[in-house]
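Visitor: One structure, as structure tokens, below. Some questions next.
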Amino acid sequence: MPDDARTQAPYGSWRSALAADDVARGAALPEWLDFVGGEVWWTEPLAHDGGRSALMRRGPDGAPEEVLPGGRDVRSRFNEYGARPWLPVSGRPGDGIVFSDGTDQRVHRWRPAAPAVPLSPPAGPGAVHRYGDFAVRGAELWCVRETLPDAAGDPVSDGVRRELVALPLDGSAAEDPAAVRVLAAGHRFLTGPRIAPGGDRVAWLGWDHPDMPWDRTDLMVAAITPEGLLGPAVRVAGGPGRSVAQAEWAADGTGRLFAVTDPDGWWNLHEIGPDGGSRPLRAEPQEYAEALWRVGSRWFLPLHDGTLAVLHGTAGRRPALLSPDGKRTALDPDGPYTEWHSPATDGKRIAAVAAGPAHRPTVVLLDPRDPGGRVEVLRPPSREHAELWPAPFRRTYQGPGGEEVHAHVYPPQHPRHRGPDGELPPYVVLVHGGPTNRTHMTPHPHIAYFTSRGIGVLDVQYGGSTGHGRAYRERLRGGWGVVDVRDCATAARGLVAEGLADPRRLAIRGASAGGWTAAASLIAEPELYRAAAIHFPVLDADTWQRTTHDFESRYAQTLIGAWPQSRDAYVRRSPVHGAAGIRAPFALFQGSLDAICPPSQAERLLERLSGSDVEHTYEVFEGEGHGFRRAATVARTLRTELSLYGRVFGFTPDPG
């Protein structure tokens, strides 16, 4: 519709058919794909069912259908962020699958037309176990196990252990903990095992505090005896200053080991020799992996013909075939999908989750042998309210020192509304969590909720984000609370300088580590941001590192500095200590069961604001953890946030 045919209305007040309840129902977010016989199955969180993660497949009518009976939650809480939660037992569908149950965290086996039975013992009075990232060897299930001292214990105590273990597939360990075999340990953190096709060697990744897996990991290899025992483990890749994100054995029986590692500053694919030598298949400024937040994540897959299916890129990810001699052949080079993740293979075909600027995530299947290069959609994505999706574009701004700051711009978009002549729209600066992470430039319902009402969104990939190599990632090293705040401000001012945003109507929003940056930005940039929405945030780096879960309990030591030597920086940068400098209204949202960013963080900030006249809203959602999963919670936070922007920016919103 041409501009002159659209109704003029103040930005922020446009009537939108995309309601908060629509966003809360959520677009399908499939993940953890695998082949079961000839079919592709995947997990998918169901917002309408409390965020339960269901195992799905394509039904006879083409629509997705749930596989497991009884409303099972296929989810591992390993490292709190989770691990690969399920696996086919073999290539024969009748052998069923194994999975981690989100309710009791026990491992179960399910066969078609039979009830699921437990494989791991129940939690005892002295420990809680979590399992994930499975592999099958003979009559055993090999995996990684996390042991917590007890459900209510100190999450960062020395009682936390992680080990590679073997569970009998016959279920004999379900009531007999002694039947669980411990295979290996040696590091504070471990991934699951990668067993060579011949069954004689196994590889895994390990790392220790204070490193995170994108800082340093060790790729370990051990021989497997005929009795199923492991010989001495040897480090063959990784080490100081090097991160190994994934390792896999060749599927063609040659015994070669491949890994994504970054000795040259980019996560590239290497062949790893038995003596620890490393040969890059291609050395280039592209990433072939992401940050290893969840154990079992994968970005490349060995195929039976000796080639590797890979996902690669910088700001996005596309699929390709990579031969051991480094030749790369693009798959779907001109397709609409610019973000691919969660790949799976049966050795010949490749399934993955794919999305693009105008396409929500969908499960697709392609066959590299198909001369037509066709991509088959297995899980059709919803196109509800597609006319309201914004048309995003990328921008790179220059910081005060000449450093690049990457961002995605989502301008206001509505087919029947436009802003008043001569008026610039308000914008919300979006800060992703992590902070070692990135966001995908795809249709996000929570972004369209704002853009379809006349509020733009600026999604900043600040220094520390992934996708642009180790140097960009490590710009945040020692600079958390400074670099991220500065980069968000750089992008916001760059948008204003382009004449795209109203400088008097800028807000900032973020969750988790993004909530830290949003809160810190209110203090550091009081003239730039007029409001903020802060979701389950880190607010005090000192208490956070002592109360959060084990995985991130030393994260601040790389993001800010060694403790206690850098105590002054921890205090100076933590929003809770600078709360007196907050002048802009804000909304603060928290889950009561958040083990990563406990509610005590938010409560301390509010105590520091006691007696202040700063307008603020604080809502605690009972039963919610880190990352809201319930539809009612998501809808309420959106309406509350929109109402805040309306009051501050002077428009009457259509809450929907």
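Chain labels A, B, ... are given in the sequence in which chains occur in the structure tokens; within each chain residues are numbered consecutively from 1, and ligands are likewise numbered from 1 in the order shown.
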Would you mind listing what lies within 12 Å of Thr633 of chain A as a list in words, with only C-alpha atoms counted and same-chain residues fewer than 4 positions away left out?
Guide: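 So the residues in contact are Ala20, Asp21, Val23, Ala24, Arg25, Ala47, His48, Gly50, Gly51, His535, Phe589, Gln590, Gly591, Glu619, Val620, Phe621, Glu622, Gly623, Glu624, Gly625, Gly627, Phe628, Arg629, Thr637, Leu638, Arg639 and Thr640 of chain A.
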Visitor: For the selection you just gave me, I'd like the residues written to a file as an mmCIF file, in the first residue's frame, keeping N, CA, C and O atoms.
Guide:
```cif
data_model
loop_
_atom_site.group_PDB
_atom_site.id
_atom_site.type_symbol
_atom_site.label_atom_id
_atom_site.label_comp_id
_atom_site.auth_asym_id
_atom_site.auth_seq_id
_atom_site.Cartn_x
_atom_site.Cartn_y
_atom_site.Cartn_z
ATOM 1 N N ALA A 20 -0.492 -9.323 22.541
ATOM 2 C CA ALA A 20 0.487 -9.916 23.455
ATOM 3 C C ALA A 20 0.237 -11.412 23.627
ATOM 4 O O ALA A 20 1.180 -12.202 23.759
ATOM 5 N N ASP A 21 -1.026 -11.814 23.627
ATOM 6 C CA ASP A 21 -1.335 -13.245 23.758
ATOM 7 C C ASP A 21 -0.847 -14.032 22.544
ATOM 8 O O ASP A 21 -0.464 -15.196 22.667
ATOM 9 N N VAL A 23 1.873 -13.256 20.792
ATOM 10 C CA VAL A 23 3.319 -13.394 21.000
ATOM 11 C C VAL A 23 3.598 -14.481 22.029
ATOM 12 O O VAL A 23 4.507 -15.295 21.872
ATOM 13 N N ALA A 24 2.795 -14.493 23.091
ATOM 14 C CA ALA A 24 3.016 -15.447 24.179
ATOM 15 C C ALA A 24 2.811 -16.887 23.720
ATOM 16 O O ALA A 24 3.470 -17.804 24.228
ATOM 17 N N ARG A 25 1.900 -17.085 22.785
ATOM 18 C CA ARG A 25 1.718 -18.446 22.254
ATOM 19 C C ARG A 25 2.987 -18.899 21.559
ATOM 20 O O ARG A 25 3.287 -20.085 21.502
ATOM 21 N N ALA A 47 4.455 -23.150 24.609
ATOM 22 C CA ALA A 47 4.152 -22.078 25.552
ATOM 23 C C ALA A 47 2.784 -22.270 26.186
ATOM 24 O O ALA A 47 2.571 -21.927 27.352
ATOM 25 N N HIS A 48 1.832 -22.841 25.429
ATOM 26 C CA HIS A 48 0.482 -23.018 25.957
ATOM 27 C C HIS A 48 0.415 -24.117 27.014
ATOM 28 O O HIS A 48 -0.583 -24.251 27.714
ATOM 29 N N GLY A 50 2.780 -24.563 29.568
ATOM 30 C CA GLY A 50 3.775 -24.243 30.576
ATOM 31 C C GLY A 50 5.205 -24.249 30.084
ATOM 32 O O GLY A 50 6.137 -24.300 30.880
ATOM 33 N N GLY A 51 5.403 -24.194 28.755
ATOM 34 C CA GLY A 51 6.751 -24.223 28.212
ATOM 35 C C GLY A 51 7.341 -25.608 28.094
ATOM 36 O O GLY A 51 8.537 -25.758 27.832
ATOM 37 N N HIS A 535 14.703 -7.579 32.254
ATOM 38 C CA HIS A 535 14.153 -8.907 32.510
ATOM 39 C C HIS A 535 15.197 -9.806 33.157
ATOM 40 O O HIS A 535 16.304 -9.942 32.649
ATOM 41 N N PHE A 589 11.396 -7.288 35.720
ATOM 42 C CA PHE A 589 10.658 -8.544 35.755
ATOM 43 C C PHE A 589 11.588 -9.667 36.222
ATOM 44 O O PHE A 589 12.739 -9.749 35.800
ATOM 45 N N GLN A 590 11.060 -10.554 37.067
ATOM 46 C CA GLN A 590 11.896 -11.570 37.689
ATOM 47 C C GLN A 590 11.115 -12.868 37.871
ATOM 48 O O GLN A 590 9.921 -12.835 38.172
ATOM 49 N N GLY A 591 11.796 -13.997 37.687
ATOM 50 C CA GLY A 591 11.205 -15.297 37.978
ATOM 51 C C GLY A 591 11.574 -15.736 39.381
ATOM 52 O O GLY A 591 12.725 -15.593 39.809
ATOM 53 N N GLU A 619 7.778 -6.846 39.039
ATOM 54 C CA GLU A 619 6.872 -7.988 39.041
ATOM 55 C C GLU A 619 7.677 -9.278 39.157
ATOM 56 O O GLU A 619 8.635 -9.489 38.407
ATOM 57 N N VAL A 620 7.278 -10.113 40.103
ATOM 58 C CA VAL A 620 7.889 -11.426 40.301
ATOM 59 C C VAL A 620 6.875 -12.480 39.875
ATOM 60 O O VAL A 620 5.722 -12.450 40.315
ATOM 61 N N PHE A 621 7.310 -13.412 39.042
ATOM 62 C CA PHE A 621 6.405 -14.430 38.517
ATOM 63 C C PHE A 621 6.726 -15.764 39.167
ATOM 64 O O PHE A 621 7.811 -16.337 38.969
ATOM 65 N N GLU A 622 5.790 -16.231 39.977
ATOM 66 C CA GLU A 622 5.967 -17.480 40.708
ATOM 67 C C GLU A 622 6.085 -18.655 39.735
ATOM 68 O O GLU A 622 5.331 -18.766 38.774
ATOM 69 N N GLY A 623 7.048 -19.523 40.017
ATOM 70 C CA GLY A 623 7.220 -20.718 39.205
ATOM 71 C C GLY A 623 8.045 -20.525 37.955
ATOM 72 O O GLY A 623 8.353 -21.500 37.253
ATOM 73 N N GLU A 624 8.410 -19.285 37.640
ATOM 74 C CA GLU A 624 9.227 -19.028 36.453
ATOM 75 C C GLU A 624 10.705 -19.067 36.831
ATOM 76 O O GLU A 624 11.094 -18.655 37.933
ATOM 77 N N GLY A 625 11.527 -19.540 35.901
ATOM 78 C CA GLY A 625 12.961 -19.577 36.100
ATOM 79 C C GLY A 625 13.645 -18.517 35.264
ATOM 80 O O GLY A 625 13.143 -17.403 35.093
ATOM 81 N N GLY A 627 14.392 -17.085 31.992
ATOM 82 C CA GLY A 627 13.768 -17.164 30.676
ATOM 83 C C GLY A 627 12.329 -17.591 30.857
ATOM 84 O O GLY A 627 12.045 -18.735 31.207
ATOM 85 N N PHE A 628 11.408 -16.653 30.658
ATOM 86 C CA PHE A 628 10.008 -16.949 30.939
ATOM 87 C C PHE A 628 9.446 -17.903 29.897
ATOM 88 O O PHE A 628 9.599 -17.701 28.688
ATOM 89 N N ARG A 629 8.754 -18.934 30.375
ATOM 90 C CA ARG A 629 8.238 -19.986 29.496
ATOM 91 C C ARG A 629 6.714 -19.996 29.428
ATOM 92 O O ARG A 629 6.145 -20.547 28.493
ATOM 93 N N THR A 637 4.274 -9.262 30.659
ATOM 94 C CA THR A 637 5.464 -8.412 30.590
ATOM 95 C C THR A 637 5.423 -7.509 29.366
ATOM 96 O O THR A 637 5.824 -6.343 29.435
ATOM 97 N N LEU A 638 4.919 -8.006 28.244
ATOM 98 C CA LEU A 638 4.831 -7.181 27.040
ATOM 99 C C LEU A 638 3.876 -6.009 27.248
ATOM 100 O O LEU A 638 4.182 -4.864 26.880
ATOM 101 N N ARG A 639 2.715 -6.270 27.816
ATOM 102 C CA ARG A 639 1.745 -5.191 28.026
ATOM 103 C C ARG A 639 2.286 -4.159 29.015
ATOM 104 O O ARG A 639 2.102 -2.949 28.830
ATOM 105 N N THR A 640 2.933 -4.641 30.065
ATOM 106 C CA THR A 640 3.502 -3.718 31.052
ATOM 107 C C THR A 640 4.582 -2.846 30.419
ATOM 108 O O THR A 640 4.656 -1.636 30.655
#
```
Visitor: Could you give me, as a PyMOL selection string, each residue of segment 405-467 of chain A that DSSP assigns to alpha helix (DSSP H) when run on this structure's backbone?
Guide: chain A and resi 445-451
Visitor: Taking N, CA, C and O atoms for each residue, export the selection above as a PDB file, in the first residue's frame.
Guide:
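File produced: again-v1.pdb:
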```pdb
ATOM      1  N   PRO A 445       8.470 -12.505  17.128  1.00  0.00           N
ATOM      2  CA  PRO A 445       7.156 -11.954  17.490  1.00  0.00           C
ATOM      3  C   PRO A 445       7.225 -10.815  18.496  1.00  0.00           C
ATOM      4  O   PRO A 445       6.458  -9.858  18.401  1.00  0.00           O
ATOM      5  N   HIS A 446       8.152 -10.882  19.477  1.00  0.00           N
ATOM      6  CA  HIS A 446       8.207  -9.818  20.475  1.00  0.00           C
ATOM      7  C   HIS A 446       8.720  -8.520  19.862  1.00  0.00           C
ATOM      8  O   HIS A 446       8.385  -7.436  20.345  1.00  0.00           O
ATOM      9  N   ILE A 447       9.507  -8.608  18.793  1.00  0.00           N
ATOM     10  CA  ILE A 447       9.928  -7.392  18.085  1.00  0.00           C
ATOM     11  C   ILE A 447       8.771  -6.841  17.260  1.00  0.00           C
ATOM     12  O   ILE A 447       8.503  -5.634  17.265  1.00  0.00           O
ATOM     13  N   ALA A 448       8.074  -7.722  16.536  1.00  0.00           N
ATOM     14  CA  ALA A 448       6.939  -7.268  15.725  1.00  0.00           C
ATOM     15  C   ALA A 448       5.829  -6.675  16.586  1.00  0.00           C
ATOM     16  O   ALA A 448       5.071  -5.806  16.121  1.00  0.00           O
ATOM     17  N   TYR A 449       5.714  -7.117  17.822  1.00  0.00           N
ATOM     18  CA  TYR A 449       4.721  -6.529  18.732  1.00  0.00           C
ATOM     19  C   TYR A 449       4.943  -5.030  18.861  1.00  0.00           C
ATOM     20  O   TYR A 449       3.981  -4.245  18.891  1.00  0.00           O
ATOM     21  N   PHE A 450       6.195  -4.605  18.913  1.00  0.00           N
ATOM     22  CA  PHE A 450       6.506  -3.177  19.032  1.00  0.00           C
ATOM     23  C   PHE A 450       6.509  -2.482  17.675  1.00  0.00           C
ATOM     24  O   PHE A 450       5.928  -1.402  17.513  1.00  0.00           O
ATOM     25  N   THR A 451       7.152  -3.085  16.671  1.00  0.00           N
ATOM     26  CA  THR A 451       7.256  -2.397  15.376  1.00  0.00           C
ATOM     27  C   THR A 451       5.898  -2.225  14.719  1.00  0.00           C
ATOM     28  O   THR A 451       5.672  -1.230  14.025  1.00  0.00           O
TER      29      THR A 451
END
```
Visitor: For Phe258 of chain A, work out the shell of residues within 9 Å, counting only C-alpha atoms and skipping chain neighbours fewer than 3 positions away, then give it as a compact mmCIF listing (two decimals) with N, CA and C atoms, in the first residue's frame.
Guide:
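Saved as around-v6.txt:
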```
# COMPACT_ATOMS: atom_id res chain seq x y z
N GLN A 246 33.39 -28.01 18.92
CA GLN A 246 32.77 -29.29 18.57
C GLN A 246 33.82 -30.20 17.99
N ALA A 247 33.69 -31.49 18.22
CA ALA A 247 34.57 -32.49 17.63
C ALA A 247 33.75 -33.69 17.19
N GLU A 248 34.08 -34.26 16.04
CA GLU A 248 33.37 -35.42 15.52
C GLU A 248 34.35 -36.31 14.76
N TRP A 249 34.09 -37.61 14.79
CA TRP A 249 34.86 -38.57 14.00
C TRP A 249 34.28 -38.66 12.60
N ALA A 250 35.16 -38.89 11.62
CA ALA A 250 34.69 -39.11 10.25
C ALA A 250 33.76 -40.32 10.22
N LEU A 269 37.19 -25.21 10.73
CA LEU A 269 37.27 -26.66 10.83
C LEU A 269 38.72 -27.12 10.62
N HIS A 270 39.17 -28.03 11.50
CA HIS A 270 40.51 -28.59 11.44
C HIS A 270 40.42 -30.10 11.49
N GLU A 271 41.39 -30.74 10.84
CA GLU A 271 41.60 -32.17 11.06
C GLU A 271 42.65 -32.30 12.15
N ILE A 272 42.36 -33.13 13.15
CA ILE A 272 43.23 -33.27 14.31
C ILE A 272 43.99 -34.58 14.21
N GLY A 273 45.32 -34.49 14.22
CA GLY A 273 46.14 -35.69 14.14
C GLY A 273 46.27 -36.37 15.50
N PRO A 302 29.69 -35.10 9.93
CA PRO A 302 30.36 -35.97 8.95
C PRO A 302 29.33 -36.78 8.17
```
Visitor: Excluding same-chain residues fewer than 6 positions from Arg188 of chain A, what lies within 7 Å of it counting only C-alpha atoms, as an NGL selection string?
Guide: :A and (161-162 or 207-208)
Visitor: Need to verify the contact set: Pro361 of chain A, 8 Å, only C-alpha atoms, exclusion of same-chain residues closer than 3 positions in sequence. Can you return it as a PyMOL selection string?
Guide: chain A and resi 28-30+353-356+381
Visitor: So that I can check the surroundings of Leu55 of chain A, please list as an MDAnalysis selection string every protein, DNA and RNA residue that reaches within 7 Å of it, counting only C-alpha atoms and ignoring chain neighbours fewer than 6 positions away.
Guide: chainID A and resid 41:44 66:68 74
Visitor: Can I get the selected residues back with N, CA and C atoms, as a PDB file, in the first residue's frame?
Guide:
```
ATOM      1  N   TRP A  41      12.849 -36.075  13.621  1.00  0.00           N
ATOM      2  CA  TRP A  41      12.139 -35.662  14.833  1.00  0.00           C
ATOM      3  C   TRP A  41      12.879 -34.497  15.457  1.00  0.00           C
ATOM      4  N   TRP A  42      12.169 -33.742  16.262  1.00  0.00           N
ATOM      5  CA  TRP A  42      12.766 -32.573  16.895  1.00  0.00           C
ATOM      6  C   TRP A  42      12.010 -32.247  18.181  1.00  0.00           C
ATOM      7  N   THR A  43      12.591 -31.407  19.018  1.00  0.00           N
ATOM      8  CA  THR A  43      11.872 -30.921  20.192  1.00  0.00           C
ATOM      9  C   THR A  43      11.360 -29.516  19.914  1.00  0.00           C
ATOM     10  N   GLU A  44      10.321 -29.148  20.650  1.00  0.00           N
ATOM     11  CA  GLU A  44       9.665 -27.861  20.425  1.00  0.00           C
ATOM     12  C   GLU A  44       8.978 -27.427  21.722  1.00  0.00           C
ATOM     13  N   GLU A  66       2.871 -34.744  18.184  1.00  0.00           N
ATOM     14  CA  GLU A  66       3.718 -35.131  19.298  1.00  0.00           C
ATOM     15  C   GLU A  66       3.976 -36.637  19.256  1.00  0.00           C
ATOM     16  N   VAL A  67       5.209 -37.027  19.577  1.00  0.00           N
ATOM     17  CA  VAL A  67       5.605 -38.426  19.489  1.00  0.00           C
ATOM     18  C   VAL A  67       5.284 -39.187  20.772  1.00  0.00           C
ATOM     19  N   LEU A  68       5.739 -38.675  21.896  1.00  0.00           N
ATOM     20  CA  LEU A  68       5.638 -39.418  23.142  1.00  0.00           C
ATOM     21  C   LEU A  68       4.258 -39.262  23.772  1.00  0.00           C
ATOM     22  N   VAL A  74      10.677 -33.282  27.245  1.00  0.00           N
ATOM     23  CA  VAL A  74      11.981 -33.793  26.824  1.00  0.00           C
ATOM     24  C   VAL A  74      12.987 -32.655  26.973  1.00  0.00           C
TER      25      VAL A  74
END
```
Visitor: Enumerate, as a PyMOL selection string, the complete set of residues in segment 190-266 of chain A that a backbone-based DSSP assignment places in strand (DSSP E).
Guide: chain A and resi 190+194-195+201-207+218-223+234-238+244-249+257-261
Visitor: Restrict the selected residues to C-alpha atoms and save them as an mmCIF file, in the first residue's frame.
Guide:
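See result-v7.cif below for the written result:
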```
data_model
loop_
_atom_site.group_PDB
_atom_site.id
_atom_site.type_symbol
_atom_site.label_atom_id
_atom_site.label_comp_id
_atom_site.auth_asym_id
_atom_site.auth_seq_id
_atom_site.Cartn_x
_atom_site.Cartn_y
_atom_site.Cartn_z
ATOM 1 C CA LEU A 190 32.575 -31.959 30.214
ATOM 2 C CA ARG A 194 31.933 -38.887 20.698
ATOM 3 C CA ILE A 195 32.612 -42.545 19.979
ATOM 4 C CA ARG A 201 38.249 -44.528 20.684
ATOM 5 C CA VAL A 202 36.239 -41.781 22.299
ATOM 6 C CA ALA A 203 36.598 -38.005 22.305
ATOM 7 C CA TRP A 204 35.096 -35.287 24.477
ATOM 8 C CA LEU A 205 35.647 -31.658 25.471
ATOM 9 C CA GLY A 206 36.596 -30.432 28.933
ATOM 10 C CA TRP A 207 37.364 -27.119 30.599
ATOM 11 C CA ASP A 218 40.650 -29.246 25.844
ATOM 12 C CA LEU A 219 39.807 -31.881 23.252
ATOM 13 C CA MET A 220 40.481 -35.200 24.957
ATOM 14 C CA VAL A 221 40.818 -38.619 23.308
ATOM 15 C CA ALA A 222 41.065 -42.008 24.997
ATOM 16 C CA ALA A 223 41.272 -45.566 23.735
ATOM 17 C CA VAL A 234 45.282 -37.362 25.997
ATOM 18 C CA ARG A 235 44.692 -33.746 24.987
ATOM 19 C CA VAL A 236 44.941 -33.500 21.196
ATOM 20 C CA ALA A 237 43.658 -29.947 20.623
ATOM 21 C CA GLY A 238 42.712 -26.820 22.515
ATOM 22 C CA VAL A 244 37.240 -26.170 20.622
ATOM 23 C CA ALA A 245 33.500 -25.841 20.035
ATOM 24 C CA GLN A 246 32.765 -29.286 18.570
ATOM 25 C CA ALA A 247 34.574 -32.490 17.631
ATOM 26 C CA GLU A 248 33.367 -35.421 15.521
ATOM 27 C CA TRP A 249 34.862 -38.569 14.003
ATOM 28 C CA LEU A 257 38.959 -36.657 13.844
ATOM 29 C CA PHE A 258 37.637 -33.202 12.978
ATOM 30 C CA ALA A 259 37.120 -30.237 15.269
ATOM 31 C CA VAL A 260 36.055 -26.606 15.111
ATOM 32 C CA THR A 261 38.749 -24.600 16.867
#
```
